[in-house]
Structures are given as structure tokens and as C-alpha cells.
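Shown next, in C-alpha cells, is the structure this report addresses.
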Amino acid sequence: MVIRVFIASSSGFVAIKKKQQDVVRFLEANKIEFEEVDITMSEEQRQWMYKNIPPEKKPAQGNPLPPQIFNGDRYCGDYDSFFESKESNTVFSFLGLKSRLASTGF
């Protein structure tokens, strides 16, 4: 399974762009394989994202905003969840991946 980050390349909101960049940069820096899915370029992908976010994770009003993170078809979370996992050093668990430290025997 591959990590998929749903983004909006043409978002007019600076905060959304910064959050998307933060997620992508972290994944790149940690050499975590991922795929960016641009929901502004594919109505089908946007609808898939909306449909696969659990109801309890959706906002009370409106649609969920990018970035939204999935491991294959499994929903991992939004930016706030990602940020919390980054702060608590649990990103690999958040993403449903084995920690690199565990796999190298340290």
C-alpha cells in the first residue's frame, strides 16, 4: 500500500497550501513513499476522498479540506491529526507503517 496525500493544487488559501507543503516535505525528508492526488484535477478522486473519510472525521458543515491522508484505502487523518502525530513522534503509526527504527534493529 502507498501513502496518498489528497491536495488541492489551485487552492486560494495560503494556510491550506502551507499544510499541504508541510505534509509533503515531511514525507520526502523521511523517504516515505507517497503519491499526491490533486482533487482539483479529478472530480472522481475528490468524490472518492469525500466518500472514504469516516463520518465522525468530517466537519459539521461543508466538505473536508485538503490535505487528507490515506494509506491505500485506509483513512489516516487530516493535517491536524498528522501534526499531532509529528509532535508526539508517532507518524509511522499514524500512517500505518512500521517504524524505521524497529526494522533496522536499533
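Letters A, B, ... go to the chains of the C-alpha cells in the order shown; residues in each chain start at 1; ligands are counted from 1 in the same order.
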
Could you list, as a PyMOL selection string, every residue within 10 Å of range 70-79 of chain A, counting only C-alpha atoms and ignoring same-chain residues fewer than 4 positions away? chain A and resi 1-6+16+19-20+22-23+34-35+48-49+52-54+57-58+64-66+83-85+93-97

Could you give me, as JSON, numbers by chain, each residue of chain A that DSSP assigns to strand (DSSP E or B) when run on this structure's backbone? {"A": [3, 4, 5, 6, 7, 34, 35, 36, 37, 38, 68, 69, 70, 71, 74, 75, 76, 77, 78]}

All residues 8 Å or closer to Ile7 in chain A, only C-alpha atoms, same chain fewer than 6 positions away omitted, as an NGL selection string: :A and (20 or 36-40 or 66-68)

With all heavy atoms kept, could you save the residues just selected as an mmCIF file, in the first residue's frame?
```cif
data_model
loop_
_atom_site.group_PDB
_atom_site.id
_atom_site.type_symbol
_atom_site.label_atom_id
_atom_site.label_comp_id
_atom_site.auth_asym_id
_atom_site.auth_seq_id
_atom_site.Cartn_x
_atom_site.Cartn_y
_atom_site.Cartn_z
ATOM 1 N N GLN A 20 -0.348 21.505 3.133
ATOM 2 C CA GLN A 20 -0.021 20.500 2.117
ATOM 3 C C GLN A 20 1.489 20.379 1.970
ATOM 4 O O GLN A 20 2.032 19.271 1.921
ATOM 5 C CB GLN A 20 -0.649 20.879 0.771
ATOM 6 C CG GLN A 20 -2.149 20.808 0.779
ATOM 7 C CD GLN A 20 -2.809 21.322 -0.487
ATOM 8 O OE1 GLN A 20 -3.964 21.031 -0.699
ATOM 9 N NE2 GLN A 20 -2.124 22.077 -1.324
ATOM 10 N N GLU A 36 0.837 12.057 -4.512
ATOM 11 C CA GLU A 36 -0.040 13.218 -4.372
ATOM 12 C C GLU A 36 -1.226 13.039 -5.310
ATOM 13 O O GLU A 36 -1.048 12.694 -6.471
ATOM 14 C CB GLU A 36 0.693 14.505 -4.760
ATOM 15 C CG GLU A 36 1.621 15.028 -3.698
ATOM 16 C CD GLU A 36 2.270 16.328 -4.126
ATOM 17 O OE1 GLU A 36 1.672 17.384 -3.882
ATOM 18 O OE2 GLU A 36 3.364 16.265 -4.722
ATOM 19 N N VAL A 37 -2.418 13.256 -4.779
ATOM 20 C CA VAL A 37 -3.632 13.160 -5.581
ATOM 21 C C VAL A 37 -4.278 14.544 -5.563
ATOM 22 O O VAL A 37 -4.706 15.025 -4.514
ATOM 23 C CB VAL A 37 -4.610 12.108 -5.009
ATOM 24 C CG1 VAL A 37 -5.849 12.019 -5.878
ATOM 25 C CG2 VAL A 37 -3.925 10.746 -4.897
ATOM 26 N N ASP A 38 -4.313 15.177 -6.722
ATOM 27 C CA ASP A 38 -4.830 16.545 -6.828
ATOM 28 C C ASP A 38 -6.335 16.509 -7.073
ATOM 29 O O ASP A 38 -6.783 16.169 -8.171
ATOM 30 C CB ASP A 38 -4.107 17.280 -7.954
ATOM 31 C CG ASP A 38 -4.468 18.748 -8.019
ATOM 32 O OD1 ASP A 38 -5.373 19.196 -7.271
ATOM 33 O OD2 ASP A 38 -3.842 19.457 -8.815
ATOM 34 N N ILE A 39 -7.111 16.875 -6.050
ATOM 35 C CA ILE A 39 -8.570 16.798 -6.183
ATOM 36 C C ILE A 39 -9.144 17.904 -7.060
ATOM 37 O O ILE A 39 -10.299 17.833 -7.453
ATOM 38 C CB ILE A 39 -9.278 16.778 -4.810
ATOM 39 C CG1 ILE A 39 -9.018 18.064 -4.034
ATOM 40 C CG2 ILE A 39 -8.872 15.550 -4.013
ATOM 41 C CD1 ILE A 39 -9.858 18.215 -2.780
ATOM 42 N N THR A 40 -8.333 18.902 -7.394
ATOM 43 C CA THR A 40 -8.839 19.946 -8.296
ATOM 44 C C THR A 40 -8.778 19.491 -9.757
ATOM 45 O O THR A 40 -9.406 20.097 -10.614
ATOM 46 C CB THR A 40 -8.067 21.278 -8.147
ATOM 47 O OG1 THR A 40 -6.690 21.053 -8.450
ATOM 48 C CG2 THR A 40 -8.202 21.836 -6.749
ATOM 49 N N PRO A 66 -8.347 19.703 2.095
ATOM 50 C CA PRO A 66 -7.038 19.062 1.994
ATOM 51 C C PRO A 66 -6.037 19.759 2.926
ATOM 52 O O PRO A 66 -6.293 20.889 3.310
ATOM 53 C CB PRO A 66 -6.655 19.260 0.530
ATOM 54 C CG PRO A 66 -7.546 20.312 -0.010
ATOM 55 C CD PRO A 66 -8.719 20.415 0.885
ATOM 56 N N PRO A 67 -4.970 19.090 3.262
ATOM 57 C CA PRO A 67 -4.622 17.730 2.866
ATOM 58 C C PRO A 67 -5.358 16.680 3.702
ATOM 59 O O PRO A 67 -5.589 16.877 4.891
ATOM 60 C CB PRO A 67 -3.121 17.679 3.137
ATOM 61 C CG PRO A 67 -2.896 18.625 4.276
ATOM 62 C CD PRO A 67 -3.910 19.723 4.073
ATOM 63 N N GLN A 68 -5.705 15.588 3.048
ATOM 64 C CA GLN A 68 -6.269 14.401 3.689
ATOM 65 C C GLN A 68 -5.329 13.249 3.343
ATOM 66 O O GLN A 68 -4.869 13.139 2.213
ATOM 67 C CB GLN A 68 -7.683 14.112 3.189
ATOM 68 C CG GLN A 68 -8.685 15.200 3.494
ATOM 69 C CD GLN A 68 -9.029 15.296 4.980
ATOM 70 O OE1 GLN A 68 -8.967 14.327 5.727
ATOM 71 N NE2 GLN A 68 -9.390 16.501 5.397
#
```

Quick check for you: according to DSSP on this backbone, which residues of chain A are classed as helix (DSSP H, G or I)? Reply as a PyMOL selection string. chain A and resi 14-29+43-52+55-57+79-87+91-95+100-104

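Using only C-alpha atoms, the smallest distance between any of A:Lys98, A:Ser88, A:Ile69, A:Met41 and Ser11 in chain A comes from A:Met41.
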
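What separates CA of Phe13 in chain A from CA of Glu44 in chain A is a distance of 22.3 Å.
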
Between CA of Pro59 in chain A and CA of Phe82 in chain A, what distance in Å does the model show, to one decimal? 16.5 Å
